[in-house]
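Novice: This one is input.pdb, PDB, C-alpha atoms and all ligand atoms.
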```
ATOM      1  CA  MET A  80      70.579  26.337  37.913  1.00  0.00           C
ATOM      2  CA  LYS A  81      71.137  23.998  34.990  1.00  0.00           C
ATOM      3  CA  CYS A  82      69.112  21.340  36.786  1.00  0.00           C
ATOM      4  CA  PHE A  83      66.309  23.833  37.293  1.00  0.00           C
ATOM      5  CA  ALA A  84      66.211  24.614  33.570  1.00  0.00           C
ATOM      6  CA  ASN A  85      66.317  20.918  32.687  1.00  0.00           C
ATOM      7  CA  CYS A  86      63.649  20.048  35.245  1.00  0.00           C
ATOM      8  CA  LEU A  87      61.465  22.827  33.930  1.00  0.00           C
ATOM      9  CA  ALA A  88      61.901  21.560  30.375  1.00  0.00           C
ATOM     10  CA  VAL A  89      61.026  18.018  31.418  1.00  0.00           C
ATOM     11  CA  PHE A  90      57.997  19.300  33.313  1.00  0.00           C
ATOM     12  CA  PHE A  91      56.669  21.204  30.304  1.00  0.00           C
ATOM     13  CA  LEU A  92      57.397  18.268  28.042  1.00  0.00           C
ATOM     14  CA  ALA A  93      55.386  16.031  30.367  1.00  0.00           C
ATOM     15  CA  VAL A  94      52.493  18.481  30.467  1.00  0.00           C
ATOM     16  CA  TRP A  95      52.554  18.799  26.677  1.00  0.00           C
ATOM     17  CA  ALA A  96      52.686  15.032  26.198  1.00  0.00           C
ATOM     18  CA  GLN A  97      49.763  14.532  28.540  1.00  0.00           C
ATOM     19  CA  ALA A  98      47.701  17.175  26.800  1.00  0.00           C
ATOM     20  CA  PHE A  99      48.512  15.523  23.498  1.00  0.00           C
ATOM     21  CA  ALA A 100      47.520  12.119  24.874  1.00  0.00           C
ATOM     22  CA  VAL A 101      44.216  13.471  26.223  1.00  0.00           C
ATOM     23  CA  GLU A 102      43.470  15.065  22.877  1.00  0.00           C
ATOM     24  CA  ALA A 103      44.349  11.858  21.062  1.00  0.00           C
ATOM     25  CA  VAL A 104      42.027   9.870  23.326  1.00  0.00           C
ATOM     26  CA  SER A 105      39.114  12.253  22.921  1.00  0.00           C
ATOM     27  CA  ARG A 106      39.624  12.202  19.161  1.00  0.00           C
ATOM     28  CA  ALA A 107      39.640   8.409  19.214  1.00  0.00           C
ATOM     29  CA  ASP A 108      36.420   8.471  21.266  1.00  0.00           C
ATOM     30  CA  LEU A 109      34.820  10.852  18.809  1.00  0.00           C
ATOM     31  CA  ASN A 110      35.854   8.651  15.916  1.00  0.00           C
ATOM     32  CA  ASP A 111      34.190   5.674  17.605  1.00  0.00           C
ATOM     33  CA  ILE A 112      30.827   7.461  17.827  1.00  0.00           C
ATOM     34  CA  PRO A 113      28.819   6.941  14.632  1.00  0.00           C
ATOM     35  CA  PRO A 114      28.047  10.273  12.921  1.00  0.00           C
ATOM     36  CA  GLY A 115      24.319   9.445  13.054  1.00  0.00           C
ATOM     37  CA  GLN A 116      24.489   9.238  16.847  1.00  0.00           C
ATOM     38  CA  VAL A 117      26.239  12.603  17.077  1.00  0.00           C
ATOM     39  CA  ILE A 118      23.481  14.115  14.900  1.00  0.00           C
ATOM     40  CA  TYR A 119      20.698  12.430  16.873  1.00  0.00           C
ATOM     41  CA  ASN A 120      22.123  13.594  20.198  1.00  0.00           C
ATOM     42  CA  SER A 121      22.681  17.155  19.050  1.00  0.00           C
ATOM     43  CA  VAL A 122      19.654  17.765  16.789  1.00  0.00           C
ATOM     44  CA  CYS A 123      16.874  15.307  17.662  1.00  0.00           C
ATOM     45  CA  ALA A 124      17.333  14.278  21.296  1.00  0.00           C
ATOM     46  CA  THR A 125      16.328  17.714  22.608  1.00  0.00           C
ATOM     47  CA  CYS A 126      12.738  16.719  21.829  1.00  0.00           C
ATOM     48  CA  HIS A 127      12.808  12.968  21.342  1.00  0.00           C
ATOM     49  CA  GLU A 128      14.527  12.200  24.633  1.00  0.00           C
ATOM     50  CA  ALA A 129      12.978  15.054  26.607  1.00  0.00           C
ATOM     51  CA  GLY A 130       9.410  13.817  26.786  1.00  0.00           C
ATOM     52  CA  VAL A 131       8.025  16.304  24.263  1.00  0.00           C
ATOM     53  CA  PRO A 132       4.417  15.157  23.743  1.00  0.00           C
ATOM     54  CA  ARG A 133       3.974  12.782  20.786  1.00  0.00           C
ATOM     55  CA  ALA A 134       7.685  12.750  19.913  1.00  0.00           C
ATOM     56  CA  PRO A 135       8.567   9.038  19.652  1.00  0.00           C
ATOM     57  CA  SER A 136      11.559   7.914  21.731  1.00  0.00           C
ATOM     58  CA  GLN A 137      14.720   6.542  20.156  1.00  0.00           C
ATOM     59  CA  GLN A 138      13.557   3.020  20.963  1.00  0.00           C
ATOM     60  CA  MET A 139      10.255   3.583  19.162  1.00  0.00           C
ATOM     61  CA  LEU A 140      12.091   5.123  16.199  1.00  0.00           C
ATOM     62  CA  SER A 141      14.252   1.996  15.994  1.00  0.00           C
ATOM     63  CA  PHE A 142      11.127   0.015  15.004  1.00  0.00           C
ATOM     64  CA  VAL A 143      10.274   2.374  12.142  1.00  0.00           C
ATOM     65  CA  ALA A 144      11.331   1.614   8.554  1.00  0.00           C
ATOM     66  CA  PRO A 145      14.338   3.674   7.388  1.00  0.00           C
ATOM     67  CA  GLN A 146      12.332   5.007   4.438  1.00  0.00           C
ATOM     68  CA  ALA A 147       9.596   6.314   6.768  1.00  0.00           C
ATOM     69  CA  ILE A 148      12.060   8.269   8.935  1.00  0.00           C
ATOM     70  CA  TYR A 149      13.832   9.594   5.843  1.00  0.00           C
ATOM     71  CA  ARG A 150      10.506  10.750   4.395  1.00  0.00           C
ATOM     72  CA  ALA A 151       9.555  12.412   7.688  1.00  0.00           C
ATOM     73  CA  LEU A 152      12.827  14.374   7.472  1.00  0.00           C
ATOM     74  CA  THR A 153      12.630  15.248   3.786  1.00  0.00           C
ATOM     75  CA  GLU A 154       8.936  15.748   3.087  1.00  0.00           C
ATOM     76  CA  GLY A 155       7.078  15.052   6.333  1.00  0.00           C
ATOM     77  CA  VAL A 156       6.491  16.644   9.717  1.00  0.00           C
ATOM     78  CA  MET A 157      10.184  16.643  10.691  1.00  0.00           C
ATOM     79  CA  GLN A 158      11.251  18.703   7.667  1.00  0.00           C
ATOM     80  CA  PRO A 159      11.632  21.960   9.670  1.00  0.00           C
ATOM     81  CA  MET A 160      13.710  20.139  12.313  1.00  0.00           C
ATOM     82  CA  ALA A 161      16.113  18.791   9.696  1.00  0.00           C
ATOM     83  CA  THR A 162      16.791  21.922   7.650  1.00  0.00           C
ATOM     84  CA  SER A 163      20.279  22.228   9.164  1.00  0.00           C
ATOM     85  CA  LEU A 164      21.199  18.720   7.956  1.00  0.00           C
ATOM     86  CA  SER A 165      22.677  17.753   4.604  1.00  0.00           C
ATOM     87  CA  ASP A 166      21.190  14.779   2.799  1.00  0.00           C
ATOM     88  CA  GLU A 167      24.193  12.703   3.857  1.00  0.00           C
ATOM     89  CA  GLN A 168      23.561  13.610   7.510  1.00  0.00           C
ATOM     90  CA  LYS A 169      19.876  12.712   7.212  1.00  0.00           C
ATOM     91  CA  VAL A 170      20.821   9.297   5.838  1.00  0.00           C
ATOM     92  CA  ALA A 171      23.368   8.872   8.662  1.00  0.00           C
ATOM     93  CA  VAL A 172      20.799   9.602  11.381  1.00  0.00           C
ATOM     94  CA  VAL A 173      18.192   7.352   9.707  1.00  0.00           C
ATOM     95  CA  GLU A 174      20.639   4.442   9.470  1.00  0.00           C
ATOM     96  CA  TYR A 175      21.817   5.013  13.039  1.00  0.00           C
ATOM     97  CA  LEU A 176      18.256   5.018  14.403  1.00  0.00           C
ATOM     98  CA  THR A 177      17.048   1.951  12.513  1.00  0.00           C
ATOM     99  CA  GLY A 178      20.298  -0.006  12.300  1.00  0.00           C
ATOM    100  CA  LYS A 179      19.399  -0.711   8.661  1.00  0.00           C
ATOM    101  CA  PRO A 180      20.650   0.696   5.371  1.00  0.00           C
ATOM    102  CA  LEU A 181      18.366   3.200   3.683  1.00  0.00           C
ATOM    103  CA  VAL A 182      17.225   1.801   0.334  1.00  0.00           C
ATOM    104  CA  LEU A 183      15.043   4.180  -1.633  1.00  0.00           C
ATOM    105  CA  GLU A 184      14.960   2.453  -5.006  1.00  0.00           C
ATOM    106  CA  GLY A 185      12.943  -0.676  -5.543  1.00  0.00           C
ATOM    107  CA  GLU A 186      10.495   0.084  -2.775  1.00  0.00           C
ATOM    108  CA  PRO A 187       7.367  -2.041  -3.024  1.00  0.00           C
ATOM    109  CA  PRO A 188       4.582   0.016  -4.632  1.00  0.00           C
ATOM    110  CA  LEU A 189       1.752   1.252  -2.429  1.00  0.00           C
ATOM    111  CA  LEU A 190      -1.183  -1.111  -2.501  1.00  0.00           C
ATOM    112  CA  ARG A 191      -4.191   0.858  -3.604  1.00  0.00           C
ATOM    113  CA  CYS A 192      -7.277   0.465  -5.721  1.00  0.00           C
ATOM    114  CA  GLU A 193      -6.903   1.610  -9.302  1.00  0.00           C
ATOM    115  CA  GLY A 194      -9.183   2.239 -12.288  1.00  0.00           C
ATOM    116  CA  GLU A 195     -12.831   1.346 -11.767  1.00  0.00           C
ATOM    117  CA  MET A 196     -12.024  -0.209  -8.384  1.00  0.00           C
ATOM    118  CA  ALA A 197     -10.818   3.160  -7.132  1.00  0.00           C
ATOM    119  CA  GLN A 198     -14.242   4.738  -7.654  1.00  0.00           C
ATOM    120  CA  PHE A 199     -16.351   5.217  -4.586  1.00  0.00           C
ATOM    121  CA  ASP A 200     -20.007   6.204  -4.573  1.00  0.00           C
ATOM    122  CA  TYR A 201     -20.600   8.190  -1.406  1.00  0.00           C
ATOM    123  CA  ARG A 202     -24.367   8.180  -2.039  1.00  0.00           C
ATOM    124  CA  GLN A 203     -24.610   4.413  -1.513  1.00  0.00           C
ATOM    125  CA  PRO A 204     -25.267   3.175   2.046  1.00  0.00           C
ATOM    126  CA  PRO A 205     -22.360   1.239   3.564  1.00  0.00           C
ATOM    127  CA  GLN A 206     -22.517  -2.522   3.109  1.00  0.00           C
ATOM    128  CA  SER A 207     -21.417  -3.130   6.634  1.00  0.00           C
ATOM    129  CA  THR A 208     -23.094  -1.041   9.307  1.00  0.00           C
ATOM    130  CA  GLY A 209     -22.323  -2.994  12.428  1.00  0.00           C
ATOM    131  CA  TRP A 210     -21.594  -6.387  13.832  1.00  0.00           C
ATOM    132  CA  GLY A 211     -24.583  -7.971  12.107  1.00  0.00           C
ATOM    133  CA  MET A 212     -23.381  -7.224   8.555  1.00  0.00           C
ATOM    134  CA  THR A 213     -26.850  -6.111   7.342  1.00  0.00           C
ATOM    135  CA  LEU A 214     -29.020  -3.139   8.226  1.00  0.00           C
ATOM    136  CA  GLY A 215     -31.273  -5.467  10.188  1.00  0.00           C
ATOM    137  CA  ASN A 216     -28.335  -7.101  11.985  1.00  0.00           C
ATOM    138  CA  THR A 217     -29.354 -10.493  10.565  1.00  0.00           C
ATOM    139  CA  ARG A 218     -25.696 -11.621  10.278  1.00  0.00           C
ATOM    140  CA  GLU A 219     -26.221 -12.915   6.740  1.00  0.00           C
TER     141      GLU A 219
HETATM  142  C1  LIG B   1      11.464  20.588  18.241  1.00  0.00           C
HETATM  143  C2  LIG B   1      11.282  19.210  18.651  1.00  0.00           C
HETATM  144  C3  LIG B   1      11.725  18.120  17.719  1.00  0.00           C
HETATM  145  C4  LIG B   1      12.946  17.952  17.106  1.00  0.00           C
HETATM  146  C5  LIG B   1      14.178  18.844  17.217  1.00  0.00           C
HETATM  147  C6  LIG B   1      12.862  16.732  16.325  1.00  0.00           C
HETATM  148  N1  LIG B   1      11.617  16.177  16.462  1.00  0.00           N
HETATM  149 FE1  LIG B   1      10.938  14.495  15.539  1.00  0.00          FE
HETATM  150  N2  LIG B   1       9.095  14.766  16.350  1.00  0.00           N
HETATM  151  C7  LIG B   1       8.753  15.771  17.240  1.00  0.00           C
HETATM  152  C8  LIG B   1       7.332  15.669  17.561  1.00  0.00           C
HETATM  153  C9  LIG B   1       6.551  16.568  18.533  1.00  0.00           C
HETATM  154  C10 LIG B   1       6.835  14.585  16.807  1.00  0.00           C
HETATM  155  C11 LIG B   1       5.390  14.084  16.722  1.00  0.00           C
HETATM  156  C12 LIG B   1       4.749  14.829  15.551  1.00  0.00           C
HETATM  157  C13 LIG B   1       3.313  14.458  15.368  1.00  0.00           C
HETATM  158  O1  LIG B   1       2.866  13.415  15.848  1.00  0.00           O
HETATM  159  O2  LIG B   1       2.622  15.239  14.714  1.00  0.00           O
HETATM  160  C14 LIG B   1       7.972  14.037  16.068  1.00  0.00           C
HETATM  161  C15 LIG B   1       7.867  12.973  15.188  1.00  0.00           C
HETATM  162  C16 LIG B   1       8.949  12.396  14.546  1.00  0.00           C
HETATM  163  C17 LIG B   1       8.857  11.229  13.689  1.00  0.00           C
HETATM  164  C18 LIG B   1       7.571  10.499  13.291  1.00  0.00           C
HETATM  165  C19 LIG B   1       7.021  11.231  12.085  1.00  0.00           C
HETATM  166  C20 LIG B   1       5.703  10.697  11.595  1.00  0.00           C
HETATM  167  O3  LIG B   1       5.446  10.867  10.389  1.00  0.00           O
HETATM  168  O4  LIG B   1       4.928  10.148  12.384  1.00  0.00           O
HETATM  169  C21 LIG B   1      10.128  10.952  13.254  1.00  0.00           C
HETATM  170  C22 LIG B   1      10.532   9.826  12.314  1.00  0.00           C
HETATM  171  C23 LIG B   1      11.015  11.941  13.848  1.00  0.00           C
HETATM  172  N3  LIG B   1      10.249  12.804  14.608  1.00  0.00           N
HETATM  173  C24 LIG B   1      12.367  11.984  13.655  1.00  0.00           C
HETATM  174  C25 LIG B   1      13.163  13.050  14.064  1.00  0.00           C
HETATM  175  C26 LIG B   1      14.584  13.139  13.814  1.00  0.00           C
HETATM  176  C27 LIG B   1      15.400  12.070  13.095  1.00  0.00           C
HETATM  177  C28 LIG B   1      15.006  14.328  14.323  1.00  0.00           C
HETATM  178  C29 LIG B   1      16.386  14.923  14.247  1.00  0.00           C
HETATM  179  C30 LIG B   1      16.933  15.148  12.956  1.00  0.00           C
HETATM  180  C31 LIG B   1      13.856  14.993  14.928  1.00  0.00           C
HETATM  181  N4  LIG B   1      12.771  14.186  14.745  1.00  0.00           N
HETATM  182  C32 LIG B   1      13.899  16.223  15.556  1.00  0.00           C
HETATM  183  C33 LIG B   1       9.594  16.735  17.758  1.00  0.00           C
HETATM  184  C34 LIG B   1      10.889  16.972  17.315  1.00  0.00           C
END
```
Go ahead and render the structure in this file as structure tokens.
Ligand code: HEC
Specialist:
Amino acid sequence: MKCFANCLAVFFLAVWAQAFAVEAVSRADLNDIPPGQVIYNSVCATCHEAGVPRAPSQQMLSFVAPQAIYRALTEGVMQPMATSLSDEQKVAVVEYLTGKPLVLEGEPPLLRCEGEMAQFDYRQPPQSTGWGMTLGNTRE
């Protein structure tokens, strides 16, 4: 009878140890997965990996600048899809997708015409109307 009690104790100890080991392994696995990947898989992949029309795949998103993805999430078309994410989580998913750090300060300014150069007279005919450069296609 004593052996039975001891054997039972050893059995339960073994089961407990195994459960503990399994939990430890799955925790270690979870710790190895970057948080951005967890977010992408749970929030974005439902569309971006499911062939939703126009939704760029993860590979296409990896070619996009981090700032562009961040802007899509904060002020662009993906804003409604990212409402459940904190700013930190948005940065994590951006950096995971692009493999680059998100740098928002010191961005190069947009190149655009300013002052008099920014004026455009819509009443004027276009200077270039086709392959010939002039209205008569004289190529001059
Ligand atoms: C409900 C489906 C859906 C979910 C969820 C979703 N997206 Fe999208 N995403 C789209 C679609 C559709 C487009 C294409 C939109 C378009 O072209 O107008 C798109 C476009 C984008 C673009 C390009 C935006 C642009 O300005 O061209 C980025 C970047 C992006 N998604 C990132 C994400 C990230 C990151 C997540 C997760 C946080 C996410 N999306 C979640 C459907 C989704």
Novice: Which residues sit within 8 Å of ligand LIG 1 (chain B), counting all atoms listed in the file, listed as JSON, numbers by chain?
Specialist: {"A": [118, 119, 122, 123, 124, 125, 126, 127, 131, 132, 133, 134, 135, 140, 143, 147, 148, 149, 150, 151, 152, 155, 156, 157, 160, 161, 164, 169, 172, 173, 176]}
Novice: What is the CA of Gln116 (chain A)-CA of Glu167 (chain A) distance in Å, reported with one decimal?
Specialist: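 Atom-to-atom, CA of Gln116 (chain A) and CA of Glu167 (chain A) are spaced 13.4 Å apart.
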Novice: So which one's closest to Gln137 (chain A), A:Glu186, A:Asn120, A:Ser163, A:Gln206? Using all atoms listed in the file, please.
Specialist: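 Using all atoms listed in the file, the shortest distance to Gln137 (chain A) belongs to A:Asn120.
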Novice: For each of A:Met196, A:Val182, A:Trp210, A:Arg191, take the minimum atom-to-atom distance to Gln146 (chain A), counting all atoms listed in the file, then give the residue where this is smallest.
Specialist: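 Ranked by minimum distance to Gln146 (chain A), first place goes to A:Val182.
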Novice: Select, from A:Pro159, A:Gly215, A:Gly115, A:Pro205, the residue with the minimum atom-to-atom distance to Gly178 (chain A), counting only C-alpha atoms.
Specialist: A:Gly115
Novice: Rounded to one decimal, what separation in Å do you get between CA of Ile112 (chain A) and CA of Asp166 (chain A)?
Specialist: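 Spanning CA of Ile112 (chain A) to CA of Asp166 (chain A) is a straight-line distance of 19.3 Å.
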Novice: Which residue gives the smallest distance to Pro114 (chain A) among A:Glu128, A:Glu174, A:Glu154, A:Glu193, with only C-alpha atoms counted?
Specialist: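 Of A:Glu128, A:Glu174, A:Glu154, A:Glu193, the one nearest Pro114 (chain A) is A:Glu174, counting only C-alpha atoms.
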Novice: Extract region 135-148 of chain A from the coordinates I pasted, and write it as a PDB file, in the first residue's frame (atoms kept: N, CA and C atoms).
Specialist:
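So part30.pdb came out as:
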```
ATOM      1  N   PRO A 135      -2.043  44.999 -49.617  1.00  0.00           N
ATOM      2  CA  PRO A 135      -0.707  44.506 -49.969  1.00  0.00           C
ATOM      3  C   PRO A 135      -0.263  43.376 -49.027  1.00  0.00           C
ATOM      4  N   SER A 136       0.450  42.405 -49.595  1.00  0.00           N
ATOM      5  CA  SER A 136       0.927  41.269 -48.791  1.00  0.00           C
ATOM      6  C   SER A 136       2.062  41.725 -47.875  1.00  0.00           C
ATOM      7  N   GLN A 137       2.429  40.858 -46.954  1.00  0.00           N
ATOM      8  CA  GLN A 137       3.512  41.195 -46.021  1.00  0.00           C
ATOM      9  C   GLN A 137       4.800  41.494 -46.786  1.00  0.00           C
ATOM     10  N   GLN A 138       5.029  40.736 -47.873  1.00  0.00           N
ATOM     11  CA  GLN A 138       6.258  40.967 -48.631  1.00  0.00           C
ATOM     12  C   GLN A 138       6.247  42.361 -49.267  1.00  0.00           C
ATOM     13  N   MET A 139       5.085  42.758 -49.801  1.00  0.00           N
ATOM     14  CA  MET A 139       4.993  44.092 -50.391  1.00  0.00           C
ATOM     15  C   MET A 139       5.174  45.156 -49.310  1.00  0.00           C
ATOM     16  N   LEU A 140       4.578  44.919 -48.130  1.00  0.00           N
ATOM     17  CA  LEU A 140       4.696  45.899 -47.049  1.00  0.00           C
ATOM     18  C   LEU A 140       6.150  46.035 -46.590  1.00  0.00           C
ATOM     19  N   SER A 141       6.945  44.971 -46.786  1.00  0.00           N
ATOM     20  CA  SER A 141       8.337  45.045 -46.336  1.00  0.00           C
ATOM     21  C   SER A 141       9.145  46.019 -47.192  1.00  0.00           C
ATOM     22  N   PHE A 142       8.641  46.371 -48.387  1.00  0.00           N
ATOM     23  CA  PHE A 142       9.345  47.335 -49.237  1.00  0.00           C
ATOM     24  C   PHE A 142       8.946  48.779 -48.942  1.00  0.00           C
ATOM     25  N   VAL A 143       7.926  48.958 -48.119  1.00  0.00           N
ATOM     26  CA  VAL A 143       7.399  50.300 -47.856  1.00  0.00           C
ATOM     27  C   VAL A 143       8.201  50.950 -46.723  1.00  0.00           C
ATOM     28  N   ALA A 144       8.358  52.270 -46.795  1.00  0.00           N
ATOM     29  CA  ALA A 144       9.099  52.989 -45.747  1.00  0.00           C
ATOM     30  C   ALA A 144       8.321  52.905 -44.430  1.00  0.00           C
ATOM     31  N   PRO A 145       9.058  52.759 -43.301  1.00  0.00           N
ATOM     32  CA  PRO A 145       8.372  52.668 -42.004  1.00  0.00           C
ATOM     33  C   PRO A 145       7.424  53.832 -41.747  1.00  0.00           C
ATOM     34  N   GLN A 146       7.853  55.041 -42.154  1.00  0.00           N
ATOM     35  CA  GLN A 146       7.021  56.228 -41.920  1.00  0.00           C
ATOM     36  C   GLN A 146       5.689  56.110 -42.662  1.00  0.00           C
ATOM     37  N   ALA A 147       5.723  55.537 -43.869  1.00  0.00           N
ATOM     38  CA  ALA A 147       4.498  55.435 -44.682  1.00  0.00           C
ATOM     39  C   ALA A 147       3.508  54.473 -44.023  1.00  0.00           C
ATOM     40  N   ILE A 148       4.001  53.357 -43.488  1.00  0.00           N
ATOM     41  CA  ILE A 148       3.087  52.404 -42.835  1.00  0.00           C
ATOM     42  C   ILE A 148       2.538  53.039 -41.557  1.00  0.00           C
TER      43      ILE A 148
END
```
